[in-house]
Amino acid sequence: MSAHLPALPVLVPLAAAALLVALSVERLAAQRAVAVGACAAQLAVALALLAASASGEVRSYALGGWPGPFGIVLVVDRLAALMLTLTAVVALAAAAYAAAGWDARGRHFHALFQFQLVGLNGAFLTGDLFNLFVFFEVLLIASYCLLAHGLGVARLRAALHYVVLNLAASALFLIAVSLLYGVTGTLNMADLAVRAGQAEPADAPLVAAGALLLLVVFGVKAALFPLYFWLPGAYAAAAAPVAALFSIMTKVGVYAIIRVHGQVFGPDAGGVALVAAPWLVPTALVTLALGILGALAARSLAGLTAYLTVASVGTALAAAGLLTAAGVAAGIFYLVQSTLVIAALFLLGELIALQRGEAADALETGRPVAQPLLLGVLFLIAGMTVVGMPPFSGFLGKLMILHAARDATAGPWIWTVILATGLLALVGVARAGSAVFWRVSSEPPGAAKAGAAAAPAAALVAAAVLVVACAAPLKSFADATAAQILDRRAYVDAVLSPQAPPYRSGPREAR
Amino acid sequence: MELLVASGIGLVAACGVYLLLRGRTFPVVLGLALLSYAVNFFIFAMGRLTVGGAPIIKPGSAGHADPLPQALVLTAIVIGFGMIAYVLALAIRVCRETGSDHVDGGGKPADREIP
């Protein structure tokens with residue numbers, strides 16, 4: 001069983017989605033049980049993979065039984081396992097939130113949700129560039145439907161923009177992938193990492209063009225400047241559990257940038273080594289600055305959180321874009337905690353909106369919320385975390401980023417932008433909090449109270465706080481992850497060393 | 001042959017990009033379709049252009065067609081076809097809900113009339 005563990009993060013949601021499609025729409029209780037159960041199972045699998053990857057072992061799983069580089073492989077290393085765990089945590093919270101009543105608004109919500117998890121988990125696991133495209137499409141197709149879920153004019157309009165933009169990005173992805181295949185003759189990432197460095201000098205510009213086209217595609221997914229304009233509209237229009245799951249979707253772009261530009265076209269890639277490095281830090285810093293300016297100008301809680309998503313991607317990539325061990329480690333740490341807290345903020349935003357009557361989540365005078373203590377404290381903790389105030393995890397993340405940027409040539413820029421945007425973010429979040437909780441009208445609070453739906457939001461906030469308590473092990477794990485990414489020998493060896501597939505040679509451990 | 005194929009792909013892609021930048025959803029969808037055709041040809045061409053290459057290698061056969069881009073292009077066609085169908089359905093729904101064929105659901109009054 002443990003030999004097949006790497007395939008389970010894809011198979012579990014796929015089976016659950018098939019089951020959910022087959023279940024009749026009226027049996028909502030059964031649907032909820034299957035959906036939440038599948039998310040919990042994914043969390044268990046992800047934790048098992050995380051524990052296995054902690055030793056530094058890279059596991060390659062040959063799907064068709066053909067050894068790499070000819071067959072299709074799934075690869076579990078530290079980064080993939082960490083992202084799987086993060087996805088499972090956010091997905092469990094979002095599914096539990098939706099199961100508290102939201103999912104009754106549209107049909108097949110849970111099935112679409114599981115299909116999106118297939119795409120997300122597959123994108124983190126795949127060791128093949130074309131399959132990265134396929135899994136991107138799987139997660140995008142599900143996200144197109146989820147974004148339009150529940151309908152409404154604003155949501156449909158946002159969905160149309162989102163779909164058209166992502167289809168154009170998919171076309172670019174295919175051009176990049178086939179260009180790389182045409183020049184190097186391989187799509188396997190490990191093989192590509194070896195062959196890209198050996199490309200003839202005449203072919204090197206073509207490889208570089210393919211690599212930079214991939215950067216554009218991942219930039220669209222991650223919402224990097226100047227490709228982020230779709231995000232605030234789409235995320236603010238999406239329903240809370242959908243937006244919470246989407247908070248991991250921008251991180252897929254960041255993951256792909258780290259994987260492809262940190263590892264495949266990393267420091268050892270010969271003529272095309274670090275081809276994306278000159279672009280990453282400047283665009284990330286501009287993204288961060290514009291994201292925070294947008295957050296300052298936001299008129300609703302969802303809009304604020306959407307712009308904070310843009311800013312978090314900018315912050316994480318400002319560090320990871322340095323492509324040094326310390327930078328990538330700091331970027332990964334920041335990415336983990338910011339995903340948790342932004343997902344929590346999306347859920348909290350809707351909980352608050354439901355209790356404010358007509359004002360909903362607009363940042364203007366409205367009636368007071370029914371549970372000011374619970375929601376206020378959760379919002380305070382989440383807000384302070386996302387701003388980066390001590391003692392919360394955002395502070396630790398930013399501290400690591402500043403520390404990593406100390407010796408870099410872009411260091412002064414990173415310090416200036418991160419410290420200045422931290423202050424602006426504090427102003428923006430404080431303005432939102434005081435508008436929602438303090439600047440209230442004299443109406444009595446409504447009777448509607450958040451019941452079971454508050455638990456997932458509180459759990460996500462608690463997870464973000466827990467990151468502080470576990471900061472030391474998480475930091476050392478992030479350091480080891482960054483070292484594994486930048487020194488790709490273990491990855492290449494695991495994928496390319498000839499070995500029989502697991503179901504013919506017995507358990508992996510016997511090897 | 002290379003020049004013909006390359007300029008053909010370029011022309012189709014240019015038409016696709018032009019249509020993609022139009023203000024109404026129908027040309028945009030057509031643009032996406034044209035762009036995906038151009039991309040499919042591009043993938044196909046990346047397996048090198050051969051005439052009369054053997055699809056299955058036999059002893060003594062000189063040269064063969066690269067099968068991998070053909071597999072890739074098949075996947076890309078299927079995904080592209082499904083996506084065009086979805087975006088069409090979505091565009092019709094948006095048109096019904098907003099009463100406009102404009103991509104922003106608004107635009108000039110002349111754009112708002114549904115023919």
# chains A, B, ... in the order shown; residues from 1 in each chain; ligands from 1
>>> interface_residues(of="chain A", to="chain B", cutoff="8 Å", atoms="only C-alpha atoms", output="list in words")
Phe130, Glu137, Ile141, Val153, Leu156, Arg157, Leu160, His161, Val163, Val164, Leu167, Ala168, Ala171, Leu174, Ile175, Ser178, Leu179, Tyr181 and Gly182 of chain A
>>> select_by_dssp(residues="stretch 36-77 of chain B", states="alpha helix (DSSP H)", output="list in words")
Ser36, Tyr37, Ala38, Val39, Asn40, Phe41, Phe42, Ile43, Phe44, Ala45, Pro67, Leu68, Pro69, Gln70, Ala71, Leu72, Val73, Leu74, Thr75, Ala76 and Ile77 of chain B
>>> residues_around(residues="B:Gly53", least_positions_apart="6", cutoff="10 Å", atoms="only C-alpha atoms", output="list in words")
Ser61, Ala62, Gly63, His64, Ala65 and Asp66 of chain B
>>> atom_distance(atom1="atom CA of A:Ala243", atom2="atom CA of A:Leu92")
13.7 Å
>>> residues_around(residues="stretch 218-235 of chain A", least_positions_apart="5", cutoff="6 Å", atoms="only C-alpha atoms", output="ChimeraX atom specification")
/A:158,243,250,253-254,283,287,306-307
>>> atom_distance(atom1="atom CA of A:Gly37", atom2="atom CA of A:Ala471")
28.7 Å
>>> closest_residue(among="A:Ala51, A:Ala193, A:Leu317, A:Leu63", to="A:Leu8", atoms="only C-alpha atoms")
A:Leu63
>>> atom_distance(atom1="atom CA of A:Pro205", atom2="atom CA of B:Ala71")
26.2 Å
>>> residues_around(residues="stretch 11-24 of chain A", least_positions_apart="2", cutoff="10 Å", atoms="only C-alpha atoms", output="PDB file with N, CA and C atoms, in the first residue's frame")
ATOM      1  N   LEU A   5       1.348   5.077  -2.312  1.00  0.00           N
ATOM      2  CA  LEU A   5       0.936   6.299  -1.623  1.00  0.00           C
ATOM      3  C   LEU A   5       1.019   7.548  -2.508  1.00  0.00           C
ATOM      4  N   PRO A   6       2.060   7.702  -3.345  1.00  0.00           N
ATOM      5  CA  PRO A   6       2.143   8.940  -4.144  1.00  0.00           C
ATOM      6  C   PRO A   6       0.980   9.135  -5.108  1.00  0.00           C
ATOM      7  N   ALA A   7       0.289   8.059  -5.491  1.00  0.00           N
ATOM      8  CA  ALA A   7      -0.810   8.221  -6.449  1.00  0.00           C
ATOM      9  C   ALA A   7      -2.109   8.609  -5.749  1.00  0.00           C
ATOM     10  N   LEU A   8      -2.175   8.361  -4.427  1.00  0.00           N
ATOM     11  CA  LEU A   8      -3.449   8.562  -3.721  1.00  0.00           C
ATOM     12  C   LEU A   8      -3.948  10.010  -3.702  1.00  0.00           C
ATOM     13  N   PRO A   9      -3.088  11.028  -3.565  1.00  0.00           N
ATOM     14  CA  PRO A   9      -3.638  12.394  -3.561  1.00  0.00           C
ATOM     15  C   PRO A   9      -4.415  12.723  -4.825  1.00  0.00           C
ATOM     16  N   GLU A  26     -30.454  15.362  -4.082  1.00  0.00           N
ATOM     17  CA  GLU A  26     -31.266  15.525  -2.864  1.00  0.00           C
ATOM     18  C   GLU A  26     -30.546  15.000  -1.632  1.00  0.00           C
ATOM     19  N   ARG A  27     -29.642  14.046  -1.826  1.00  0.00           N
ATOM     20  CA  ARG A  27     -28.995  13.439  -0.648  1.00  0.00           C
ATOM     21  C   ARG A  27     -27.802  14.275  -0.211  1.00  0.00           C
ATOM     22  N   LEU A  28     -28.099  15.463   0.287  1.00  0.00           N
ATOM     23  CA  LEU A  28     -27.058  16.422   0.615  1.00  0.00           C
ATOM     24  C   LEU A  28     -26.199  15.943   1.780  1.00  0.00           C
ATOM     25  N   ALA A  30     -25.396  12.891   2.609  1.00  0.00           N
ATOM     26  CA  ALA A  30     -24.429  11.899   2.141  1.00  0.00           C
ATOM     27  C   ALA A  30     -23.312  12.586   1.356  1.00  0.00           C
ATOM     28  N   GLN A  31     -23.694  13.575   0.530  1.00  0.00           N
ATOM     29  CA  GLN A  31     -22.694  14.312  -0.249  1.00  0.00           C
ATOM     30  C   GLN A  31     -21.678  14.984   0.674  1.00  0.00           C
ATOM     31  N   ARG A  32     -22.214  15.611   1.729  1.00  0.00           N
ATOM     32  CA  ARG A  32     -21.317  16.307   2.662  1.00  0.00           C
ATOM     33  C   ARG A  32     -20.367  15.333   3.333  1.00  0.00           C
ATOM     34  N   VAL A  34     -19.285  12.425   2.228  1.00  0.00           N
ATOM     35  CA  VAL A  34     -18.273  11.952   1.272  1.00  0.00           C
ATOM     36  C   VAL A  34     -17.224  13.041   1.051  1.00  0.00           C
ATOM     37  N   ALA A  35     -17.690  14.288   0.857  1.00  0.00           N
ATOM     38  CA  ALA A  35     -16.770  15.371   0.528  1.00  0.00           C
ATOM     39  C   ALA A  35     -15.804  15.644   1.679  1.00  0.00           C
ATOM     40  N   VAL A  36     -16.344  15.796   2.892  1.00  0.00           N
ATOM     41  CA  VAL A  36     -15.476  16.105   4.032  1.00  0.00           C
ATOM     42  C   VAL A  36     -14.583  14.911   4.343  1.00  0.00           C
ATOM     43  N   GLY A  37     -15.149  13.694   4.207  1.00  0.00           N
ATOM     44  CA  GLY A  37     -14.353  12.492   4.436  1.00  0.00           C
ATOM     45  C   GLY A  37     -13.190  12.393   3.461  1.00  0.00           C
ATOM     46  N   ALA A  38     -13.459  12.713   2.181  1.00  0.00           N
ATOM     47  CA  ALA A  38     -12.389  12.649   1.176  1.00  0.00           C
ATOM     48  C   ALA A  38     -11.304  13.662   1.486  1.00  0.00           C
ATOM     49  N   CYS A  39     -11.700  14.858   1.944  1.00  0.00           N
ATOM     50  CA  CYS A  39     -10.694  15.871   2.298  1.00  0.00           C
ATOM     51  C   CYS A  39      -9.859  15.404   3.486  1.00  0.00           C
ATOM     52  N   ALA A  41      -9.270  12.300   4.287  1.00  0.00           N
ATOM     53  CA  ALA A  41      -8.391  11.226   3.808  1.00  0.00           C
ATOM     54  C   ALA A  41      -7.180  11.823   3.087  1.00  0.00           C
ATOM     55  N   GLN A  42      -7.414  12.889   2.310  1.00  0.00           N
ATOM     56  CA  GLN A  42      -6.293  13.535   1.616  1.00  0.00           C
ATOM     57  C   GLN A  42      -5.300  14.131   2.597  1.00  0.00           C
ATOM     58  N   VAL A  45      -3.211  11.246   3.918  1.00  0.00           N
ATOM     59  CA  VAL A  45      -2.230  10.817   2.910  1.00  0.00           C
ATOM     60  C   VAL A  45      -1.096  11.841   2.810  1.00  0.00           C
ATOM     61  N   ARG A 107     -26.035  23.006  -7.453  1.00  0.00           N
ATOM     62  CA  ARG A 107     -25.855  21.564  -7.545  1.00  0.00           C
ATOM     63  C   ARG A 107     -24.398  21.245  -7.811  1.00  0.00           C
ATOM     64  N   HIS A 108     -23.992  20.073  -7.388  1.00  0.00           N
ATOM     65  CA  HIS A 108     -22.673  19.528  -7.721  1.00  0.00           C
ATOM     66  C   HIS A 108     -21.519  20.364  -7.183  1.00  0.00           C
ATOM     67  N   PHE A 109     -21.760  21.162  -6.133  1.00  0.00           N
ATOM     68  CA  PHE A 109     -20.651  21.947  -5.591  1.00  0.00           C
ATOM     69  C   PHE A 109     -19.507  21.041  -5.142  1.00  0.00           C
ATOM     70  N   HIS A 110     -19.851  20.012  -4.344  1.00  0.00           N
ATOM     71  CA  HIS A 110     -18.792  19.168  -3.768  1.00  0.00           C
ATOM     72  C   HIS A 110     -18.041  18.381  -4.833  1.00  0.00           C
ATOM     73  N   ALA A 111     -18.755  17.938  -5.891  1.00  0.00           N
ATOM     74  CA  ALA A 111     -18.080  17.195  -6.960  1.00  0.00           C
ATOM     75  C   ALA A 111     -17.052  18.090  -7.655  1.00  0.00           C
ATOM     76  N   LEU A 112     -17.470  19.324  -7.975  1.00  0.00           N
ATOM     77  CA  LEU A 112     -16.549  20.263  -8.628  1.00  0.00           C
ATOM     78  C   LEU A 112     -15.351  20.550  -7.725  1.00  0.00           C
ATOM     79  N   PHE A 113     -15.638  20.679  -6.433  1.00  0.00           N
ATOM     80  CA  PHE A 113     -14.599  20.942  -5.433  1.00  0.00           C
ATOM     81  C   PHE A 113     -13.548  19.830  -5.464  1.00  0.00           C
ATOM     82  N   GLN A 114     -14.013  18.568  -5.500  1.00  0.00           N
ATOM     83  CA  GLN A 114     -13.072  17.441  -5.516  1.00  0.00           C
ATOM     84  C   GLN A 114     -12.303  17.393  -6.836  1.00  0.00           C
ATOM     85  N   PHE A 115     -12.974  17.742  -7.950  1.00  0.00           N
ATOM     86  CA  PHE A 115     -12.266  17.768  -9.231  1.00  0.00           C
ATOM     87  C   PHE A 115     -11.146  18.810  -9.195  1.00  0.00           C
ATOM     88  N   GLN A 116     -11.430  19.937  -8.551  1.00  0.00           N
ATOM     89  CA  GLN A 116     -10.377  20.941  -8.450  1.00  0.00           C
ATOM     90  C   GLN A 116      -9.207  20.415  -7.621  1.00  0.00           C
ATOM     91  N   LEU A 117      -9.517  19.626  -6.582  1.00  0.00           N
ATOM     92  CA  LEU A 117      -8.436  19.057  -5.769  1.00  0.00           C
ATOM     93  C   LEU A 117      -7.612  18.062  -6.587  1.00  0.00           C
ATOM     94  N   VAL A 118      -8.254  17.318  -7.503  1.00  0.00           N
ATOM     95  CA  VAL A 118      -7.500  16.423  -8.394  1.00  0.00           C
ATOM     96  C   VAL A 118      -6.443  17.240  -9.136  1.00  0.00           C
ATOM     97  N   GLY A 119      -6.890  18.364  -9.709  1.00  0.00           N
ATOM     98  CA  GLY A 119      -5.969  19.191 -10.482  1.00  0.00           C
ATOM     99  C   GLY A 119      -4.864  19.777  -9.609  1.00  0.00           C
ATOM    100  N   ASN A 121      -3.667  18.727  -6.590  1.00  0.00           N
ATOM    101  CA  ASN A 121      -2.727  17.719  -6.101  1.00  0.00           C
ATOM    102  C   ASN A 121      -1.867  17.185  -7.238  1.00  0.00           C
ATOM    103  N   GLY A 122      -2.486  16.983  -8.410  1.00  0.00           N
ATOM    104  CA  GLY A 122      -1.728  16.482  -9.548  1.00  0.00           C
ATOM    105  C   GLY A 122      -0.647  17.465  -9.977  1.00  0.00           C
TER     106      GLY A 122
END
>>> residues_around(residues="A:Ala404", least_positions_apart="2", cutoff="6 Å", atoms="only C-alpha atoms", output="list of chain:residue names")
A:Ala326, A:Gly327, A:Ile401, A:Leu402, A:Arg406
